[in-house]
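S.K.: Sending over a structure as C-alpha cells; questions will come in a sec.
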Amino acid sequence: IGKAKDAAAEVVDEISSAVSGAAPLIPGTPGSGTPTVAEPTEPHDPLPPKPAQHGPVPHSPTGAPSADDELAAAQQGAYLTTATGVPLRETDHSLKAGPRGPVLLQDHHLREKIMHFDHERIPERVVHARGAAAHGVFRSNGAATTLTRAAFLADGATTPVFTRFSTVLGSRGSADTVRDTRGFAVKFYTTEGNFDLVGNNIPVFFIQDAIKFPDVIHAGKPHPDTEIPQAQSAHDTFWDFVSLHTEGQHHAIWNMSDRGIPRSYRMMEGFGVHTFRLVNAGGETTLVKFHWKPRLGVHSLTWEEAQIAAGVDPDFHRRDLADAIESGAHPEWDLGVQVFPDTADQMFEGIDLLDSTKLVPEELAPVQVIGTMTLNANPGNYFAETEQVAFHAGHFVPGIDATDDPLFQGRLFSYLDTQLSRLGGPNFNQIPINRPHAPVNDMLRDGLHQDAVHTGIAPYKPNSLDGGCPFLAGEDVSAFIDVPQPVEASSKVREAPASYDDHFSQARLFYLSLSPVEQAHVKQSYAFELGKCYEQAIKERQLVALANIDADLCQKVADALGLPAPEPTIPLGDEVPSPALSQIGDTWPIDGRMIGIVVPDGVDDLSGVREVRDAVFAAKMVPLVIASHGGVLEDGHGDPVAVQRTWVTVRSIELDAVVLAGAPIAAPDADPSADAKAGAPSDGVLDPRAALLLSEAYRHAKAIGGWGDTVSALETSGLPAAPEGVYVGDDAGDVIAHLVTLLGSHRVWERFPA
Ligand code: HDD
C-alpha cells in the first residue's frame with residue numbers, strides 16, 4: 001500500500017497540473033476518440049468514513065455475523081469489483097466484436113451493471129415521499145417515570161434516535177418549502193425494542209377516522225388527469241373535499257397559517273397528535289399527548305420567500321438541516337407530555353381525547369418536559385437510511401399503548417402494510433436502519449429479502465425440539481402487556497360519536513389565538529389558495545366554512561375573491577384564545593442563522609468585514625460573504641476573506657439578515673469615477689441585484705445593518721427613510737450587536753402591515 005500510495009500521489013500530482021492547465025491533457029486511449037485525464041491506476045488508502053456519520057449499530061436478528069464492517073467499507077476498497085467480488089480492469093467500454101462492432105451478449109459486467117441500475121428505484125412513500133433525516137440521541141430527564149415503565153424514559157437513560165422530517169403531498173423530488181403539513185417521525189432504538197413516534201408539525205389531523213385517509217389524500221394529491229399541481233393544496237379537489245367534509249377545517253386553517261411554511265425543520269414543533277395511554281410499573285394508566293418543543297423556537301418563512309425558495313433552492317429545508325448538523329449547530333427539541341386522567345369517558349374539559357381534530361390548549365394542560373432530543377449526525381447514505389427507514393405507529397414499547405382513536409387504529413394497519421410494496425416484502429425490519437438495538441428472537445421466517453440465517457428447527461410455540469426456546473418473558477422481564485382496558489358494550493355501527501360533531505370551534509380558537517400579523521397571513525393564504533380554484537361553488541362553500549370560523553376572516557377572503565361574504569350557518573362561540581398557539585412575541589436563540597455580508601467592489605479595508613464575520617461566528621451564526629466575484633478578497637492588511645456567494649449565486653431567501661460592509665454598491669455599468677471609492681455611488685444607481693437583495697430582505701421583514709458608506713446604498717435602494725429594523729452603525733461590532741437583538745425575535749414584525 002505504501003508503494004502504491006507514492007505511485008498514486010504522483011498520478012494525483014499529474015492530474016492536478018493537467019487540470020490547472022499547466023500541462024496539456026494527455027491523449028485518450030487509442031480508438032476512444034476523446035482525450036482523457038489520467039486516472040490513478042494503483043490503489044491508495046480509501047477515504048475513511050466520517051466517524052460522525054455512522055448509523056446506529058445494527059444488530060443481526062439471528063446473531064449471525066453482522067455485515068456492519070463490510071457495509072461501511074462498501075465502495076471504499078482498493079479495486080472495483082462485480083457484485084460477486086470479482087476484480088475488474090475496465091468499466092467504461094462494453095465488450096464488442098471489434099472497436100466498432102456489435103456488443104456481445106457475453107458481457108456479464110455490462111449486463112450486471114445495467115440490470116442493477118434499472119432497478120435502483122423503489123416506490124416512493126404514498127404520502128410523505130419528500131423528506132430529510134438525521135441521527136441523534138434522546139436523553140430522558142426521568143420526569144415520566146411515575147407515568148410509564150418505558151425504560152427509555154427512566155431517569156438519565158440515553159437512547160439513539162433517527163428522525164425523519166417530510167412534506168405530505170409532494171413527490172420525492174418536489175420542493176421543500178411548499179405550503180403543507182410537515183411530518184415529524186422519530187424512531188427510538190430503545191433497549192426494549194423500537195418505539196416510533198410518528199407525528200406532524202400540526203397538533204390536529206384532517207379526519208377523525210382512518211377510513212377517510214384515502215379520500216383526503218386523493219383530494220390533496222395532483223389531479224388524476226393532468227397530475228397538476230405538484231405538492232400543493234391550492235386546487236379544486238382539495239378545497240372541494242375540506243369544504244364538504246368540514247372536520248378538516250381545523251387542520252386546514254393551521255396549513256393556511258405560517259405553520260404551513262416553516263423556516264426550518266429545526267424550528268418546528270412536533271406533535272404525536274393522538275392521545276396515548278401510558279402504563280407505569282404499578283399498572284396505573286394515564287392519557288398523554290406528546291409534544292416536541294424546538295429549542296430555537298417555532299418560526300416560519302413568508303409566503304413569498306417560500307415560493308422563491310421552491311425555485312431557487314428546492315432543497316432549502318434538507319440543506320438547512322444537513323448544514324446545521326455538519327457545522328455543529330445540533331438542533332434540539334424537548335419532548336413533553338400533556339397529562340390527562342384516564343377516565344372512563346376519555347374526555348378532558350369537554351374535549352374528546354379520542355378525536356384527532358381537537359387539541360387541548362396548553363393553558364388547560366401544560367406541556368411537561370420529559371427529555372431532550374439532539375440531532376447530531378447526518379445520514380451517511382440517503383437511500384439506505386432516509387429512504388428505507390420504515391416508521392410504524394404501532395411500534396410500541398412496554399409502558400406505552402394505543403387508545404381507541406379510530407384514526408390511530410387505522411394507522412396501526414397502514415404502516416405495516418405500506419412497507420410491503422415500498423420495501424418489497426415482510427422483512428423490512430432487517431434493513432440496517434430499521435433493526436432494533438434490542439435482541440430479536442422472533443419466529444417470523446423466510447420471505448422476500450430474508451437476510452437472517454436462522455438456526456434451530458422449531459420456529460413455532462410451544463416446542464420441545466429447540467429446548468422450548470425462545471421462552472415467553474416472565475415477571476422479572478418487562479414484557480409488553482396490552483392494557484386490559486374496558487370497552488364500551490354496544491352494537492357494531494359505522495358512525496361517529498356526537499362529540500365528533502363540532503368542526504369549527506377549535507378552528508376559531510386557533511384563529512383568535514394568533515397575533516394580527518399572523519391573522520393577516522392566514523387571510524392572504526386563503527385568498528391565494530381559493531383564488532387558484534376554478535369552481536365557483538367550491539369557493540362559495542369554503543367561504544361559508546370561514547364564516548363559521550370568523551366574520552372578519554370570511555369578509556377579507558371574500559373581498560379578495562370578489563365574492564359576497566356569506567352568513568355563518570352556526571352560532572359563533574366565545575372561544576378563549578390560547579396564547580401558546582401564536583408563534584411571535586418572545587425571543588429565541590439564534591444559533592445557525594444565516595447572515596449575508598455584502599462586500600461591494602471598492603472596499604479597500606476589510607477589517608470591518610473580518611470583524612463582522614468573526615462576531616457572527618462567535619454568536620453561533622453562519623456568515624456568508626457576498627461579493628461580485630468568487631475566491632477571496634484581499635486588502636493587504638490581513639488574512640484573505642473567503643467569498644461564499646456572488647451576485648450570481650445569492651438570493652435573499654437563504655439569509656436571515658443582511659449586513660452591508662461600508663461602501664456603495666454601484667451598478668456594474670456605472671461610471672467608475674473617483675468618487676465611487678470615496679463614498680457615494682458614482683451616479684446614484686445601485687447594482688440591481690443588490691437592490692433586489694435589499695428590497696426582498698426588507699419586504700420579508702429581515703434585519704438589515706451596515707456601517708460606513710452603507711447609508712448611500714440604502715438611500716439608493718428605494719427603502720423608506722429610517723425604516724424599522726434597519727440599523728446603520730459607526731462600526732461593525734455595533735451593527736452586529738443590534739442585529740443579534742433583532743434576530744432574537746425572528747423578524748422585524750413591525751414592518752408587516754397588521
Ligand atoms: Fe401517516 C407516513 C404522520 C395519519 C398512513 N405518516 C407518515 C409519515 C408521517 C405520518 C410523519 C412519514 C413517516 C416517514 O418519515 O417515513 N400520519 C401521520 C400523522 C397522522 C397520520 C401524524 C395522523 C395523526 N397516516 C395516517 C393515516 C393513515 C396513514 C390515518 C392511513 C390510514 N402514513 C400512512 C402510510 C405512510 C405514512 C401510508 C406512508 C409511508 C409510510 O407510511 O411508511 O402508511
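Quick note on naming: the chains in the C-alpha cells go A, B, ... in the order shown, residues restart at 1 in each chain, and ligands are numbered from 1 in order of appearance.
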Can I get the residues close to ligand 1 as a PDB file with C-alpha atoms, in the first residue's frame, where close means within 7 Å and we count only C-alpha atoms and all ligand atoms?

M.R.:
ATOM      1  CA  ARG A 125     -43.977   6.701   0.022  1.00  0.00           C
ATOM      2  CA  VAL A 126     -47.631   7.144  -0.933  1.00  0.00           C
ATOM      3  CA  VAL A 127     -47.602  10.165   1.403  1.00  0.00           C
ATOM      4  CA  HIS A 128     -44.591  11.939   2.993  1.00  0.00           C
ATOM      5  CA  GLY A 131     -38.115  14.012   3.422  1.00  0.00           C
ATOM      6  CA  ARG A 164     -37.247  11.984   9.523  1.00  0.00           C
ATOM      7  CA  PHE A 165     -38.979  15.224   8.564  1.00  0.00           C
ATOM      8  CA  SER A 166     -41.154  15.406   5.475  1.00  0.00           C
ATOM      9  CA  GLY A 183     -44.074  15.011   9.097  1.00  0.00           C
ATOM     10  CA  PHE A 184     -42.010  14.642  12.271  1.00  0.00           C
ATOM     11  CA  ALA A 185     -41.233  10.946  12.777  1.00  0.00           C
ATOM     12  CA  VAL A 198     -44.861   9.218  14.015  1.00  0.00           C
ATOM     13  CA  GLY A 199     -46.170  12.766  14.302  1.00  0.00           C
ATOM     14  CA  ASN A 200     -46.632  16.002  12.411  1.00  0.00           C
ATOM     15  CA  VAL A 204     -54.568  18.009  14.815  1.00  0.00           C
ATOM     16  CA  PHE A 205     -55.475  15.964  11.753  1.00  0.00           C
ATOM     17  CA  ASP A 209     -61.440   8.161  11.160  1.00  0.00           C
ATOM     18  CA  ALA A 210     -58.680   6.403   9.205  1.00  0.00           C
ATOM     19  CA  ILE A 211     -61.187   5.160   6.651  1.00  0.00           C
ATOM     20  CA  PHE A 213     -57.436   8.819   4.722  1.00  0.00           C
ATOM     21  CA  GLY A 272     -47.929  12.938  18.413  1.00  0.00           C
ATOM     22  CA  VAL A 273     -51.457  14.203  17.626  1.00  0.00           C
ATOM     23  CA  HIS A 274     -53.358  11.257  19.143  1.00  0.00           C
ATOM     24  CA  SER A 356     -57.700  13.814  16.480  1.00  0.00           C
ATOM     25  CA  VAL A 389     -36.438   3.814   7.211  1.00  0.00           C
ATOM     26  CA  ALA A 390     -39.849   2.318   7.970  1.00  0.00           C
ATOM     27  CA  PHE A 391     -41.850   4.004  10.706  1.00  0.00           C
ATOM     28  CA  HIS A 392     -44.872   2.300  12.190  1.00  0.00           C
ATOM     29  CA  LEU A 407     -57.729   7.433  13.254  1.00  0.00           C
ATOM     30  CA  PHE A 408     -54.961   5.763  15.207  1.00  0.00           C
ATOM     31  CA  GLY A 410     -56.403   2.529  11.132  1.00  0.00           C
ATOM     32  CA  ARG A 411     -52.798   3.703  11.202  1.00  0.00           C
ATOM     33  CA  SER A 414     -51.486   1.038   7.300  1.00  0.00           C
ATOM     34  CA  TYR A 415     -47.851   1.489   8.322  1.00  0.00           C
ATOM     35  CA  ASP A 417     -48.956  -2.766   5.113  1.00  0.00           C
ATOM     36  CA  THR A 418     -47.398   0.040   3.090  1.00  0.00           C
ATOM     37  CA  GLN A 419     -43.860  -1.287   3.658  1.00  0.00           C
TER      38      GLN A 419
END

S.K.: Mind checking which residues fall within 12 Å of A:Pro497, counting only C-alpha atoms, ignoring those fewer than 2 positions away in the same chain, and posting them as number ranges by chain?

M.R.: A: 208-209, 345, 352, 354-355, 405-406, 493-495, 499-502

S.K.: Any idea what's packed within 9 Å of A:Thr146, counting only C-alpha atoms, ignoring anything in its chain fewer than 4 positions away? Could you give it as a PyMOL selection string?

M.R.: chain A and resi 142+280-281

S.K.: When you look at A:Val544 with a cut-off of 8 Å (counting only C-alpha atoms), what residues show up, excluding the ones that are within fewer than 2 positions of it in the same chain? I need them as a ChimeraX atom specification.

M.R.: /A:540-542,546-548,554,565-569

S.K.: Residues as selected, N, CA and C atoms, written as a JSON list (two decimals), in the first residue's frame, can you do that?

M.R.:
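Once written, again_6.json looks like this:
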[["chain", "number", "residue", "atom", "x", "y", "z"],
["A", 540, "GLU", "N", -67.44, 29.37, -2.87],
["A", 540, "GLU", "CA", -68.59, 29.82, -2.07],
["A", 540, "GLU", "C", -68.78, 28.93, -0.85],
["A", 541, "ARG", "N", -68.63, 27.63, -1.04],
["A", 541, "ARG", "CA", -68.83, 26.70, 0.08],
["A", 541, "ARG", "C", -67.74, 26.90, 1.13],
["A", 542, "GLN", "N", -66.51, 27.15, 0.69],
["A", 542, "GLN", "CA", -65.44, 27.36, 1.66],
["A", 542, "GLN", "C", -65.64, 28.69, 2.39],
["A", 546, "LEU", "N", -65.57, 29.53, 6.36],
["A", 546, "LEU", "CA", -64.82, 30.62, 7.01],
["A", 546, "LEU", "C", -65.75, 31.49, 7.84],
["A", 547, "ALA", "N", -66.99, 31.67, 7.36],
["A", 547, "ALA", "CA", -67.96, 32.46, 8.14],
["A", 547, "ALA", "C", -68.22, 31.76, 9.48],
["A", 548, "ASN", "N", -68.12, 30.45, 9.51],
["A", 548, "ASN", "CA", -68.32, 29.70, 10.75],
["A", 548, "ASN", "C", -67.10, 29.76, 11.66],
["A", 554, "CYS", "N", -63.65, 35.80, 7.01],
["A", 554, "CYS", "CA", -64.50, 35.47, 5.86],
["A", 554, "CYS", "C", -64.64, 36.68, 4.94],
["A", 565, "ALA", "N", -69.60, 37.99, 1.17],
["A", 565, "ALA", "CA", -69.33, 37.16, 2.35],
["A", 565, "ALA", "C", -70.65, 36.57, 2.84],
["A", 566, "PRO", "N", -70.72, 35.25, 2.97],
["A", 566, "PRO", "CA", -71.97, 34.63, 3.43],
["A", 566, "PRO", "C", -72.13, 34.76, 4.94],
["A", 567, "GLU", "N", -73.34, 34.46, 5.41],
["A", 567, "GLU", "CA", -73.61, 34.42, 6.85],
["A", 567, "GLU", "C", -73.16, 33.07, 7.40],
["A", 568, "PRO", "N", -72.80, 33.04, 8.70],
["A", 568, "PRO", "CA", -72.47, 31.73, 9.27],
["A", 568, "PRO", "C", -73.71, 30.84, 9.36],
["A", 569, "THR", "N", -73.48, 29.54, 9.37],
["A", 569, "THR", "CA", -74.60, 28.61, 9.49],
["A", 569, "THR", "C", -74.72, 28.06, 10.90]]

S.K.: What's the 12 Å shell around A:Leu624, counting only C-alpha atoms, without same-chain residues fewer than 3 positions away, as a PyMOL selection string?

M.R.: chain A and resi 592-599+609-610+612-614+616-617+621+627+630+641-646+649-652+654-660

S.K.: How would the residues just chosen look if you wrote them out with N, CA and C atoms as a tab-separated table (two decimals), in the first residue's frame?

M.R.:
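The resulting file, out_2.tsv, is reproduced below:
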chain	number	residue	atom	x	y	z
A	592	GLY	N	-27.16	29.12	14.30
A	592	GLY	CA	-27.27	28.61	12.94
A	592	GLY	C	-27.96	29.55	11.97
A	593	ARG	N	-28.31	30.77	12.41
A	593	ARG	CA	-28.93	31.72	11.46
A	593	ARG	C	-27.90	32.14	10.41
A	594	MET	N	-28.40	32.46	9.21
A	594	MET	CA	-27.52	32.78	8.08
A	594	MET	C	-27.43	34.30	7.92
A	595	ILE	N	-26.23	34.83	7.97
A	595	ILE	CA	-26.06	36.27	7.85
A	595	ILE	C	-25.27	36.58	6.58
A	596	GLY	N	-25.88	37.31	5.67
A	596	GLY	CA	-25.19	37.71	4.44
A	596	GLY	C	-24.39	38.98	4.69
A	597	ILE	N	-23.10	38.95	4.33
A	597	ILE	CA	-22.25	40.13	4.50
A	597	ILE	C	-21.88	40.61	3.10
A	598	VAL	N	-22.49	41.69	2.67
A	598	VAL	CA	-22.29	42.19	1.31
A	598	VAL	C	-21.05	43.07	1.28
A	599	VAL	N	-20.07	42.65	0.47
A	599	VAL	CA	-18.83	43.44	0.36
A	599	VAL	C	-18.75	43.99	-1.06
A	609	VAL	N	-15.11	43.82	7.77
A	609	VAL	CA	-15.70	42.57	7.28
A	609	VAL	C	-15.23	41.41	8.15
A	610	ARG	N	-13.92	41.42	8.43
A	610	ARG	CA	-13.39	40.33	9.28
A	610	ARG	C	-14.05	40.38	10.66
A	612	VAL	N	-17.01	41.56	11.49
A	612	VAL	CA	-18.41	41.09	11.42
A	612	VAL	C	-18.45	39.57	11.29
A	613	ARG	N	-17.62	39.06	10.39
A	613	ARG	CA	-17.61	37.61	10.18
A	613	ARG	C	-17.30	36.87	11.49
A	614	ASP	N	-16.29	37.36	12.21
A	614	ASP	CA	-15.91	36.68	13.45
A	614	ASP	C	-17.00	36.84	14.51
A	616	VAL	N	-20.17	37.12	13.92
A	616	VAL	CA	-21.28	36.24	13.53
A	616	VAL	C	-20.98	34.81	13.99
A	617	PHE	N	-19.75	34.37	13.75
A	617	PHE	CA	-19.33	33.04	14.23
A	617	PHE	C	-19.48	32.94	15.74
A	621	MET	N	-23.69	31.90	14.63
A	621	MET	CA	-24.43	32.01	13.37
A	621	MET	C	-23.46	31.74	12.21
A	627	ALA	N	-19.83	38.84	-2.68
A	627	ALA	CA	-19.04	39.82	-3.44
A	627	ALA	C	-19.33	39.66	-4.92
A	630	GLY	N	-16.09	35.23	-7.06
A	630	GLY	CA	-15.77	34.19	-6.09
A	630	GLY	C	-14.31	34.26	-5.66
A	641	VAL	N	-10.14	37.18	2.75
A	641	VAL	CA	-11.50	36.86	3.20
A	641	VAL	C	-12.15	35.99	2.12
A	642	ALA	N	-12.54	34.76	2.48
A	642	ALA	CA	-13.14	33.85	1.50
A	642	ALA	C	-14.56	34.34	1.16
A	643	VAL	N	-14.88	34.22	-0.13
A	643	VAL	CA	-16.22	34.63	-0.60
A	643	VAL	C	-17.08	33.38	-0.72
A	644	GLN	N	-18.27	33.39	-0.13
A	644	GLN	CA	-19.17	32.22	-0.23
A	644	GLN	C	-20.25	32.37	-1.29
A	645	ARG	N	-20.65	33.59	-1.59
A	645	ARG	CA	-21.70	33.80	-2.59
A	645	ARG	C	-21.31	34.99	-3.46
A	646	THR	N	-21.72	34.93	-4.74
A	646	THR	CA	-21.53	36.09	-5.61
A	646	THR	C	-22.92	36.60	-5.99
A	649	THR	N	-24.94	33.87	-7.48
A	649	THR	CA	-25.43	32.71	-6.73
A	649	THR	C	-26.25	33.06	-5.49
A	650	VAL	N	-26.28	34.31	-5.10
A	650	VAL	CA	-27.00	34.64	-3.87
A	650	VAL	C	-28.45	34.98	-4.16
A	651	ARG	N	-29.32	34.68	-3.22
A	651	ARG	CA	-30.69	35.19	-3.25
A	651	ARG	C	-31.10	35.41	-1.79
A	652	SER	N	-31.87	36.43	-1.56
A	652	SER	CA	-32.15	36.85	-0.18
A	652	SER	C	-32.75	35.75	0.68
A	654	GLU	N	-32.09	32.81	1.43
A	654	GLU	CA	-31.29	31.96	2.29
A	654	GLU	C	-30.68	32.73	3.46
A	655	LEU	N	-30.96	34.01	3.53
A	655	LEU	CA	-30.36	34.84	4.59
A	655	LEU	C	-31.42	35.23	5.62
A	656	ASP	N	-31.00	35.24	6.89
A	656	ASP	CA	-31.90	35.72	7.94
A	656	ASP	C	-31.68	37.21	8.19
A	657	ALA	N	-30.51	37.71	7.81
A	657	ALA	CA	-30.22	39.14	7.97
A	657	ALA	C	-29.15	39.50	6.96
A	658	VAL	N	-29.10	40.79	6.61
A	658	VAL	CA	-28.11	41.25	5.62
A	658	VAL	C	-27.30	42.39	6.24
A	659	VAL	N	-25.98	42.31	6.07
A	659	VAL	CA	-25.09	43.37	6.56
A	659	VAL	C	-24.34	43.95	5.36
A	660	LEU	N	-24.34	45.28	5.27
A	660	LEU	CA	-23.63	45.94	4.17
A	660	LEU	C	-22.33	46.51	4.70
